[in-house]
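start_35.cif follows (mmCIF, C-alpha atoms):
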data_entry
#
loop_
_atom_site.group_PDB
_atom_site.id
_atom_site.type_symbol
_atom_site.label_atom_id
_atom_site.label_comp_id
_atom_site.auth_asym_id
_atom_site.auth_seq_id
_atom_site.Cartn_x
_atom_site.Cartn_y
_atom_site.Cartn_z
ATOM 1 C CA MET A 1 -50.692 60.027 -16.015
ATOM 2 C CA ILE A 2 -47.000 60.223 -14.985
ATOM 3 C CA PRO A 3 -46.953 62.140 -11.672
ATOM 4 C CA PHE A 4 -43.607 63.879 -12.245
ATOM 5 C CA ASN A 5 -40.823 64.361 -14.764
ATOM 6 C CA TYR A 6 -38.521 61.316 -14.718
ATOM 7 C CA HIS A 7 -35.689 63.517 -15.950
ATOM 8 C CA HIS A 8 -35.816 65.251 -12.575
ATOM 9 C CA LEU A 9 -35.610 61.891 -10.822
ATOM 10 C CA TYR A 10 -32.626 60.880 -12.952
ATOM 11 C CA TYR A 11 -30.834 64.168 -12.279
ATOM 12 C CA PHE A 12 -31.326 63.712 -8.537
ATOM 13 C CA TYR A 13 -30.246 60.041 -8.773
ATOM 14 C CA THR A 14 -27.009 60.961 -10.579
ATOM 15 C CA VAL A 15 -26.132 63.705 -8.081
ATOM 16 C CA ALA A 16 -26.851 61.365 -5.160
ATOM 17 C CA ARG A 17 -24.897 58.492 -6.728
ATOM 18 C CA LEU A 18 -21.818 60.631 -7.383
ATOM 19 C CA GLY A 19 -22.170 62.773 -4.259
ATOM 20 C CA SER A 20 -21.383 65.918 -6.205
ATOM 21 C CA VAL A 21 -23.291 68.326 -8.435
ATOM 22 C CA THR A 22 -20.082 69.105 -10.325
ATOM 23 C CA ARG A 23 -19.314 65.462 -11.170
ATOM 24 C CA ALA A 24 -22.968 64.776 -11.995
ATOM 25 C CA ALA A 25 -23.075 67.771 -14.346
ATOM 26 C CA GLN A 26 -19.964 66.472 -16.113
ATOM 27 C CA GLU A 27 -21.456 62.986 -16.499
ATOM 28 C CA LEU A 28 -24.823 64.339 -17.664
ATOM 29 C CA ARG A 29 -23.140 66.939 -19.901
ATOM 30 C CA ILE A 30 -25.247 69.826 -18.692
ATOM 31 C CA GLY A 31 -24.324 73.020 -16.883
ATOM 32 C CA GLN A 32 -23.917 72.884 -13.117
ATOM 33 C CA PRO A 33 -26.370 75.782 -12.454
ATOM 34 C CA ALA A 34 -29.003 74.127 -14.665
ATOM 35 C CA LEU A 35 -28.569 70.801 -12.834
ATOM 36 C CA SER A 36 -28.888 72.474 -9.419
ATOM 37 C CA THR A 37 -32.084 74.175 -10.603
ATOM 38 C CA GLN A 38 -33.550 70.849 -11.770
ATOM 39 C CA VAL A 39 -32.783 69.143 -8.434
ATOM 40 C CA ARG A 40 -34.314 72.042 -6.458
ATOM 41 C CA SER A 41 -37.394 71.874 -8.711
ATOM 42 C CA PHE A 42 -37.722 68.164 -7.877
ATOM 43 C CA GLU A 43 -37.436 68.921 -4.153
ATOM 44 C CA ARG A 44 -40.167 71.557 -4.468
ATOM 45 C CA PHE A 45 -42.384 69.046 -6.255
ATOM 46 C CA LEU A 46 -41.929 66.599 -3.353
ATOM 47 C CA ASP A 47 -42.109 69.448 -0.831
ATOM 48 C CA THR A 48 -39.099 68.147 1.091
ATOM 49 C CA PRO A 49 -35.287 68.523 0.946
ATOM 50 C CA LEU A 50 -33.470 65.488 -0.438
ATOM 51 C CA LEU A 51 -29.855 66.668 -0.225
ATOM 52 C CA GLU A 52 -28.060 68.809 2.282
ATOM 53 C CA ARG A 53 -24.568 70.275 2.328
ATOM 54 C CA GLU A 54 -22.070 68.732 4.747
ATOM 55 C CA GLY A 55 -18.771 70.544 4.428
ATOM 56 C CA ARG A 56 -17.723 70.235 0.800
ATOM 57 C CA SER A 57 -19.854 67.185 0.113
ATOM 58 C CA LEU A 58 -23.550 66.407 -0.178
ATOM 59 C CA ARG A 59 -25.475 64.136 2.162
ATOM 60 C CA LEU A 60 -28.815 62.471 1.576
ATOM 61 C CA THR A 61 -31.561 63.363 4.009
ATOM 62 C CA ASP A 62 -33.817 60.577 5.282
ATOM 63 C CA ALA A 63 -36.277 61.449 2.513
ATOM 64 C CA GLY A 64 -33.403 61.538 0.018
ATOM 65 C CA GLN A 65 -32.333 58.019 0.991
ATOM 66 C CA TYR A 66 -35.912 56.816 0.508
ATOM 67 C CA VAL A 67 -36.172 58.424 -2.956
ATOM 68 C CA TYR A 68 -32.674 57.276 -3.962
ATOM 69 C CA ALA A 69 -33.496 53.629 -3.172
ATOM 70 C CA TYR A 70 -36.508 53.727 -5.503
ATOM 71 C CA ALA A 71 -34.601 55.663 -8.164
ATOM 72 C CA LYS A 72 -31.809 53.094 -8.153
ATOM 73 C CA ASP A 73 -34.285 50.242 -8.618
ATOM 74 C CA ILE A 74 -36.032 52.111 -11.444
ATOM 75 C CA PHE A 75 -32.876 52.953 -13.400
ATOM 76 C CA ASP A 76 -31.201 49.582 -12.741
ATOM 77 C CA LEU A 77 -34.297 47.914 -14.171
ATOM 78 C CA GLY A 78 -34.167 50.274 -17.154
ATOM 79 C CA ARG A 79 -30.553 49.308 -17.885
ATOM 80 C CA GLU A 80 -31.465 45.630 -17.482
ATOM 81 C CA PHE A 81 -34.295 46.064 -19.996
ATOM 82 C CA LYS A 82 -31.996 47.752 -22.538
ATOM 83 C CA ASP A 83 -29.244 45.166 -22.063
ATOM 84 C CA GLY A 84 -31.652 42.211 -22.290
ATOM 85 C CA PHE A 85 -33.383 43.624 -25.369
ATOM 86 C CA SER A 86 -30.033 43.970 -27.148
ATOM 87 C CA ASP A 87 -28.878 40.496 -26.037
ATOM 88 C CA LEU A 88 -31.910 38.892 -27.663
ATOM 89 C CA GLY A 89 -31.124 40.433 -31.042
ATOM 90 C CA HIS A 90 -34.461 42.229 -31.381
ATOM 91 C CA ARG A 91 -32.872 44.964 -33.469
ATOM 92 C CA GLY A 92 -32.465 42.638 -36.408
ATOM 93 C CA GLY A 93 -28.971 41.532 -35.397
ATOM 94 C CA ARG A 94 -27.623 38.372 -33.827
ATOM 95 C CA PRO A 95 -28.153 37.510 -30.157
ATOM 96 C CA ALA A 96 -25.319 38.818 -28.010
ATOM 97 C CA MET A 97 -23.596 37.970 -24.758
ATOM 98 C CA GLN A 98 -20.971 39.857 -22.755
ATOM 99 C CA ILE A 99 -18.467 37.719 -20.829
ATOM 100 C CA GLY A 100 -15.943 38.842 -18.221
ATOM 101 C CA LEU A 101 -12.765 36.800 -17.654
ATOM 102 C CA SER A 102 -10.717 37.205 -14.509
ATOM 103 C CA GLN A 103 -7.115 38.019 -15.422
ATOM 104 C CA THR A 104 -5.882 35.025 -13.431
ATOM 105 C CA VAL A 105 -8.377 32.410 -14.629
ATOM 106 C CA SER A 106 -6.885 29.707 -16.878
ATOM 107 C CA LYS A 107 -7.288 30.445 -20.593
ATOM 108 C CA SER A 108 -8.047 26.750 -21.063
ATOM 109 C CA PHE A 109 -11.102 27.160 -18.835
ATOM 110 C CA ALA A 110 -12.126 30.313 -20.703
ATOM 111 C CA ASP A 111 -11.694 28.549 -24.046
ATOM 112 C CA THR A 112 -13.933 25.717 -22.836
ATOM 113 C CA LEU A 113 -16.670 28.154 -21.791
ATOM 114 C CA LEU A 114 -16.583 30.015 -25.120
ATOM 115 C CA HIS A 115 -16.790 26.755 -27.079
ATOM 116 C CA PHE A 116 -19.727 25.674 -24.917
ATOM 117 C CA LEU A 117 -21.569 28.924 -25.650
ATOM 118 C CA LEU A 118 -20.926 28.817 -29.387
ATOM 119 C CA LYS A 119 -22.120 25.218 -29.497
ATOM 120 C CA GLU A 120 -25.296 26.135 -27.603
ATOM 121 C CA ALA A 121 -25.929 29.207 -29.780
ATOM 122 C CA PRO A 122 -23.940 29.084 -33.049
ATOM 123 C CA ASP A 123 -25.195 32.533 -34.114
ATOM 124 C CA LEU A 124 -24.139 34.147 -30.841
ATOM 125 C CA ARG A 125 -22.060 37.354 -30.932
ATOM 126 C CA LEU A 126 -19.651 37.308 -27.990
ATOM 127 C CA THR A 127 -17.912 40.219 -26.318
ATOM 128 C CA VAL A 128 -15.104 39.190 -23.938
ATOM 129 C CA ARG A 129 -13.432 41.546 -21.438
ATOM 130 C CA GLU A 130 -10.568 40.817 -19.018
ATOM 131 C CA ALA A 131 -9.918 42.519 -15.690
ATOM 132 C CA GLY A 132 -9.729 41.752 -11.983
ATOM 133 C CA THR A 133 -12.735 39.961 -10.514
ATOM 134 C CA ALA A 134 -13.914 42.957 -8.446
ATOM 135 C CA ALA A 135 -13.827 45.272 -11.476
ATOM 136 C CA LEU A 136 -15.697 42.721 -13.585
ATOM 137 C CA VAL A 137 -18.394 42.339 -10.939
ATOM 138 C CA ASP A 138 -18.819 46.116 -10.940
ATOM 139 C CA GLN A 139 -19.305 45.987 -14.730
ATOM 140 C CA MET A 140 -21.824 43.189 -14.287
ATOM 141 C CA ARG A 141 -23.731 45.277 -11.737
ATOM 142 C CA ALA A 142 -23.816 48.066 -14.344
ATOM 143 C CA HIS A 143 -25.272 45.606 -16.903
ATOM 144 C CA ALA A 144 -22.137 45.752 -19.075
ATOM 145 C CA LEU A 145 -21.544 42.001 -18.537
ATOM 146 C CA ASP A 146 -23.871 38.999 -18.374
ATOM 147 C CA LEU A 147 -21.519 36.742 -16.408
ATOM 148 C CA VAL A 148 -17.974 36.493 -15.077
ATOM 149 C CA LEU A 149 -15.658 33.472 -15.151
ATOM 150 C CA SER A 150 -13.288 33.673 -12.201
ATOM 151 C CA ASP A 151 -10.848 31.662 -10.108
ATOM 152 C CA GLU A 152 -12.339 33.164 -6.945
ATOM 153 C CA PRO A 153 -15.888 33.433 -5.598
ATOM 154 C CA GLY A 154 -17.836 36.627 -5.995
ATOM 155 C CA PRO A 155 -17.438 39.329 -3.328
ATOM 156 C CA ALA A 156 -19.575 39.319 -0.213
ATOM 157 C CA ASP A 157 -22.950 40.748 -1.167
ATOM 158 C CA PRO A 158 -25.517 41.203 1.624
ATOM 159 C CA SER A 159 -28.234 41.838 -0.971
ATOM 160 C CA GLY A 160 -27.640 38.427 -2.566
ATOM 161 C CA ALA A 161 -27.653 40.008 -6.027
ATOM 162 C CA VAL A 162 -24.296 38.450 -7.006
ATOM 163 C CA GLU A 163 -24.575 34.690 -7.278
ATOM 164 C CA THR A 164 -21.617 32.278 -7.365
ATOM 165 C CA ARG A 165 -21.592 28.796 -8.902
ATOM 166 C CA LEU A 166 -18.590 26.437 -8.644
ATOM 167 C CA VAL A 167 -18.166 24.887 -12.110
ATOM 168 C CA GLY A 168 -14.816 23.152 -11.813
ATOM 169 C CA GLU A 169 -12.146 21.883 -9.427
ATOM 170 C CA VAL A 170 -8.989 20.608 -11.109
ATOM 171 C CA PRO A 171 -5.776 19.349 -9.436
ATOM 172 C CA VAL A 172 -2.620 21.444 -9.776
ATOM 173 C CA VAL A 173 0.394 19.415 -10.976
ATOM 174 C CA LEU A 174 4.090 20.140 -11.306
ATOM 175 C CA CYS A 175 5.221 20.234 -14.945
ATOM 176 C CA ALA A 176 8.470 20.326 -16.933
ATOM 177 C CA ARG A 177 9.399 20.105 -20.576
ATOM 178 C CA THR A 178 9.756 16.413 -21.357
ATOM 179 C CA ASP A 179 13.458 16.529 -22.305
ATOM 180 C CA LYS A 180 14.250 18.099 -18.932
ATOM 181 C CA ALA A 181 12.005 15.934 -16.748
ATOM 182 C CA HIS A 182 14.719 13.305 -16.098
ATOM 183 C CA ALA A 183 16.582 15.812 -13.901
ATOM 184 C CA TYR A 184 13.684 15.873 -11.429
ATOM 185 C CA ARG A 185 13.067 12.223 -10.594
ATOM 186 C CA ASN A 186 13.623 12.715 -6.862
ATOM 187 C CA ILE A 187 10.801 14.971 -5.697
ATOM 188 C CA PRO A 188 11.097 17.190 -3.692
ATOM 189 C CA GLY A 189 14.884 16.892 -3.306
ATOM 190 C CA ASP A 190 15.689 17.667 -6.946
ATOM 191 C CA LEU A 191 13.629 20.849 -6.754
ATOM 192 C CA ASP A 192 16.290 22.582 -4.653
ATOM 193 C CA GLY A 193 17.874 25.176 -6.934
ATOM 194 C CA ALA A 194 15.590 24.216 -9.834
ATOM 195 C CA PRO A 195 14.339 27.017 -12.125
ATOM 196 C CA PHE A 196 10.669 27.833 -11.451
ATOM 197 C CA ILE A 197 7.984 29.925 -13.125
ATOM 198 C CA LEU A 198 5.255 30.847 -10.650
ATOM 199 C CA PRO A 199 1.805 32.338 -11.185
ATOM 200 C CA ILE A 200 1.704 35.751 -9.543
ATOM 201 C CA ASP A 201 -1.047 37.123 -7.269
ATOM 202 C CA SER A 202 -2.871 33.799 -7.125
ATOM 203 C CA ARG A 203 -3.855 31.243 -4.531
ATOM 204 C CA THR A 204 -1.761 28.617 -6.357
ATOM 205 C CA GLY A 205 1.356 30.782 -6.359
ATOM 206 C CA ARG A 206 1.057 31.425 -2.619
ATOM 207 C CA ALA A 207 0.387 27.748 -1.862
ATOM 208 C CA VAL A 208 3.407 26.587 -3.883
ATOM 209 C CA ARG A 209 5.641 28.956 -1.908
ATOM 210 C CA GLU A 210 4.259 27.396 1.287
ATOM 211 C CA PHE A 211 5.043 23.957 -0.221
ATOM 212 C CA PHE A 212 8.672 25.043 -0.740
ATOM 213 C CA ILE A 213 8.919 26.159 2.894
ATOM 214 C CA ALA A 214 7.325 22.958 4.231
ATOM 215 C CA LYS A 215 9.695 20.773 2.138
ATOM 216 C CA GLU A 216 12.713 23.015 2.870
ATOM 217 C CA VAL A 217 13.219 23.565 -0.857
ATOM 218 C CA ARG A 218 14.930 26.687 -2.238
ATOM 219 C CA PRO A 219 14.158 26.912 -5.942
ATOM 220 C CA ARG A 220 15.473 29.578 -8.320
ATOM 221 C CA ILE A 221 12.516 31.750 -9.347
ATOM 222 C CA VAL A 222 12.940 32.579 -13.035
ATOM 223 C CA ALA A 223 9.696 34.511 -13.496
ATOM 224 C CA GLU A 224 6.396 35.362 -11.848
ATOM 225 C CA VAL A 225 3.616 35.590 -14.423
ATOM 226 C CA GLU A 226 -0.088 36.472 -14.206
ATOM 227 C CA ASP A 227 -1.229 34.717 -17.401
ATOM 228 C CA ILE A 228 -1.350 30.916 -16.938
ATOM 229 C CA GLU A 229 -1.079 30.343 -20.691
ATOM 230 C CA LEU A 230 2.199 32.273 -20.687
ATOM 231 C CA VAL A 231 3.386 30.143 -17.755
ATOM 232 C CA ARG A 232 2.729 27.033 -19.857
ATOM 233 C CA ARG A 233 4.551 28.509 -22.859
ATOM 234 C CA LEU A 234 7.598 29.287 -20.722
ATOM 235 C CA VAL A 235 7.654 25.687 -19.473
ATOM 236 C CA LEU A 236 7.422 24.409 -23.052
ATOM 237 C CA ALA A 237 10.269 26.751 -23.989
ATOM 238 C CA GLY A 238 12.419 25.036 -21.350
ATOM 239 C CA ALA A 239 12.641 28.066 -19.047
ATOM 240 C CA GLY A 240 11.810 26.052 -15.941
ATOM 241 C CA LEU A 241 9.257 24.072 -13.957
ATOM 242 C CA ALA A 242 5.818 25.352 -13.066
ATOM 243 C CA PRO A 243 2.602 24.406 -11.281
ATOM 244 C CA LEU A 244 -0.237 24.113 -13.809
ATOM 245 C CA ASP A 245 -3.785 22.943 -13.418
ATOM 246 C CA LEU A 246 -4.132 19.454 -14.915
ATOM 247 C CA TYR A 247 -6.663 20.665 -17.480
ATOM 248 C CA THR A 248 -4.232 23.243 -18.865
ATOM 249 C CA ALA A 249 -1.276 20.836 -18.703
ATOM 250 C CA LEU A 250 -3.033 18.143 -20.749
ATOM 251 C CA ARG A 251 -4.391 20.621 -23.308
ATOM 252 C CA ALA A 252 -0.967 21.769 -24.487
ATOM 253 C CA PRO A 253 -0.781 22.428 -28.246
ATOM 254 C CA SER A 254 -0.264 19.473 -30.573
ATOM 255 C CA GLY A 255 3.429 18.612 -30.843
ATOM 256 C CA SER A 256 4.263 20.026 -27.398
ATOM 257 C CA LYS A 257 6.456 18.069 -25.034
ATOM 258 C CA LEU A 258 5.325 18.463 -21.430
ATOM 259 C CA THR A 259 5.609 15.973 -18.564
ATOM 260 C CA ILE A 260 3.899 15.863 -15.164
ATOM 261 C CA LEU A 261 6.440 15.359 -12.366
ATOM 262 C CA GLY A 262 5.745 13.164 -9.351
ATOM 263 C CA GLU A 263 2.255 12.177 -8.274
ATOM 264 C CA ARG A 264 -0.714 14.242 -9.408
ATOM 265 C CA SER A 265 -1.506 14.873 -5.740
ATOM 266 C CA LEU A 266 2.087 16.019 -5.015
ATOM 267 C CA LEU A 267 1.222 19.659 -4.353
ATOM 268 C CA GLY A 268 -2.116 18.915 -2.717
ATOM 269 C CA LEU A 269 -3.672 21.855 -4.563
ATOM 270 C CA SER A 270 -6.579 22.383 -6.906
ATOM 271 C CA GLU A 271 -7.776 25.249 -9.100
ATOM 272 C CA ARG A 272 -11.411 26.159 -8.578
ATOM 273 C CA THR A 273 -13.399 27.948 -11.247
ATOM 274 C CA TYR A 274 -16.591 29.907 -10.651
ATOM 275 C CA VAL A 275 -19.309 31.433 -12.780
ATOM 276 C CA LEU A 276 -20.571 34.684 -11.256
ATOM 277 C CA THR A 277 -23.956 36.042 -12.305
ATOM 278 C CA MET A 278 -26.348 38.763 -11.206
ATOM 279 C CA ARG A 279 -29.878 38.106 -10.089
ATOM 280 C CA ARG A 280 -32.017 39.768 -12.740
ATOM 281 C CA LYS A 281 -35.733 40.187 -13.288
ATOM 282 C CA ARG A 282 -35.207 38.582 -16.710
ATOM 283 C CA GLN A 283 -31.982 36.606 -17.015
ATOM 284 C CA HIS A 284 -30.018 36.142 -20.253
ATOM 285 C CA PRO A 285 -31.527 33.003 -21.850
ATOM 286 C CA LEU A 286 -28.163 31.193 -21.905
ATOM 287 C CA ILE A 287 -27.459 31.680 -18.190
ATOM 288 C CA PRO A 288 -29.698 28.817 -16.962
ATOM 289 C CA ARG A 289 -28.067 26.440 -19.458
ATOM 290 C CA ILE A 290 -24.584 27.472 -18.337
ATOM 291 C CA LEU A 291 -25.418 27.003 -14.656
ATOM 292 C CA GLU A 292 -27.057 23.642 -15.287
ATOM 293 C CA ARG A 293 -24.706 22.086 -17.818
ATOM 294 C CA PHE A 294 -21.335 23.827 -18.010
ATOM 295 C CA ARG A 295 -18.638 22.054 -16.002
ATOM 296 C CA ILE A 296 -14.841 21.902 -16.158
ATOM 297 C CA LYS A 297 -13.883 18.334 -15.286
ATOM 298 C CA ALA A 298 -10.447 17.108 -14.283
ATOM 299 C CA PRO A 299 -9.074 14.507 -16.739
ATOM 300 C CA GLY A 300 -8.961 11.031 -15.268
ATOM 301 C CA PRO A 301 -5.755 9.067 -14.600
ATOM 302 C CA GLY A 302 -3.751 8.347 -17.730
ATOM 303 C CA LYS A 303 -1.109 10.150 -19.741
ATOM 304 C CA ARG A 304 1.661 11.998 -17.947
ATOM 305 C CA THR A 305 3.262 13.398 -21.094
ATOM 306 C CA VAL A 306 1.669 15.598 -23.749
ATOM 307 C CA ASP A 307 3.069 14.830 -27.178
#
Full structure transcribed into structure tokens:
Amino acid sequence: MIPFNYHHLYYFYTVARLGSVTRAAQELRIGQPALSTQVRSFERFLDTPLLEREGRSLRLTDAGQYVYAYAKDIFDLGREFKDGFSDLGHRGGRPAMQIGLSQTVSKSFADTLLHFLLKEAPDLRLTVREAGTAALVDQMRAHALDLVLSDEPGPADPSGAVETRLVGEVPVVLCARTDKAHAYRNIPGDLDGAPFILPIDSRTGRAVREFFIAKEVRPRIVAEVEDIELVRRLVLAGAGLAPLDLYTALRAPSGSKLTILGERSLLGLSERTYVLTMRRKRQHPLIPRILERFRIKAPGPGKRTVD
């Protein structure tokens, strides 16, 4: 026999999570007086106060913190069950997977992951969302995503629930459109005053600026762009030079003319790619295969021009 009404537990959990009866009532779509009554009824059942007023906000009592910890585990597990049941296609549909892509991760890396998944499970129905890594991890915690592909490790997590796996490390090379490459034979001297497209808000962009300072080079910054694919397209359009990971540089569309300038180790940089997952009671069935087999490998020595 269930010892209490789980609706009461969920009402308390929502109020405690949001720290406000008003916000909880809005999320639950019930009246604020009715919600307050339900929470007080739950406190009477337990014969102890769980929440207390502190100024304009609510604070959990010691007993409230104890109950909240169990409630969180219960409802997190419930969301995991619902998400996993849907992923497996038990409702008569196809198996599903929700992927998060960091806004600054190379689209070439993302494309490789999606092809890997569709090869592993041809009937798979994919949902792909883009955002910053922190926002994507929050969605993964809420069971809206199964994994995140990112160019940075997952955030510090004392609980160990967020797990990070390095799946690729690819050198960053300096690229130009082939018909313009002859103007940059003397590296780094010829880079002074040269038009540059830089990735914005990224480790590579910051490191390239440090490279300019160390080499006493003053380039002309044409654009700062978040999307690496757009950086590549601007290079191919002849707008300027740019640092690109070798994987992206050598996967330019057929017919493109792109040349790697100087030595591949010129910049001394590499792009790292990570798969972030959540520790679950029952993991998505494709996750172990991704962690074991999916890798983004740097192309070996060879062509310097894509044509």
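Nearest residue to Ala183 in chain A, choosing from A:Leu35, A:Val105, A:Ala69, A:Leu261 and counting all atoms listed in the file: A:Leu261.
Once range 172-182 of chain A and its same-chain neighbours fewer than 3 positions away are set aside, Arg185, Val235, Leu236, Gly238, Leu241, Ala242, Pro243, Leu244, Asp245, Leu246, Lys257, Leu258, Thr259, Ile260, Leu261, Arg264, Leu269 and Ser270 of chain A remain within 6 Å of it when counting all atoms listed in the file.
Shortest atom-to-atom contact with Ser106 in chain A among A:Tyr66, A:Tyr13, A:Phe294, A:Tyr274: A:Tyr274, counting all atoms listed in the file.
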Write out as a list in words the residues lying within 7 Å of range 93-98 of chain A, counting all atoms listed in the file and excluding same-chain residues fewer than 5 positions away. Asp87, Leu88, Asp123, Leu124, Arg125, Leu126, Thr127, Val128, Leu145 and Asp146 of chain A
Record the distance separating CA of Ala161 in chain A and CA of Pro122 in chain A, expressed in Å with one decimal. 29.4 Å
Could you name the residues that touch Val222 in chain A at 10 Å or less, counting only C-alpha atoms, but leaving out those on the same chain fewer than 2 positions away, as a VMD selection string? chain A and resid 194 to 198 219 to 220 224 to 225 234 239 to 241
Starting from the displayed file, determine the output of the PyMOL selection byres ((chain A and resi 110-114) around 10) and express the residue list as an MDAnalysis selection string. chainID A and resid 99:102 105:109 115:120 126 128 149:150 273 275 290 294:296
Surrounding residues of Leu9 in chain A excluding itself and chain neighbours under 4 positions, 8 Å, only C-alpha atoms, as an NGL selection string: :A and (5 or 13 or 42 or 71)
Export, as a short mmCIF file (atom, residue, chain, number, x, y, z; two decimals), keeping the file's coordinate frame, the selected residues with C-alpha atoms.
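Listed below is the output, result_35.cif:
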data_model
loop_
_atom_site.label_atom_id
_atom_site.label_comp_id
_atom_site.auth_asym_id
_atom_site.auth_seq_id
_atom_site.Cartn_x
_atom_site.Cartn_y
_atom_site.Cartn_z
CA ASN A 5 -40.82 64.36 -14.76
CA TYR A 13 -30.25 60.04 -8.77
CA PHE A 42 -37.72 68.16 -7.88
CA ALA A 71 -34.60 55.66 -8.16
#
Residues at most 7 Å from range 19-23 of chain A, counting only C-alpha atoms, excluding those fewer than 4 positions away in the same chain, as JSON, numbers by chain? {"A": [15, 27, 32, 57, 58]}
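Counting all atoms listed in the file and comparing A:Val137, A:Ala298, A:Val231, A:Leu60, the residue that lies closest to Leu18 in chain A is A:Leu60.
For the pair CA of Tyr247 in chain A and CA of Pro285 in chain A, the interatomic distance is 28.1 Å.
Taking all atoms listed in the file into account, Ala207 in chain A lies nearest to A:Glu271 out of the set A:Asp190, A:Asp151, A:Asp227, A:Glu271.
Distances from A:Tyr10, A:Ala156, A:Arg165, A:Ala223 to Asp73 in chain A were compared using all atoms listed in the file, and the smallest one belongs to A:Tyr10.
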As lines of an AutoDock Vina configuration file, please: the centre and edge lengths in Å, to one decimal, of an axis-aligned box enclosing every listed atom of range 238-241 of chain A with 3 Å added on each side.
center_x = 10.9
center_y = 26.1
center_z = -17.7
size_x = 9.4
size_y = 10.0
size_z = 13.4
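Pairwise distance (CA of Val148 in chain A, CA of Leu276 in chain A) equals 5.0 Å.
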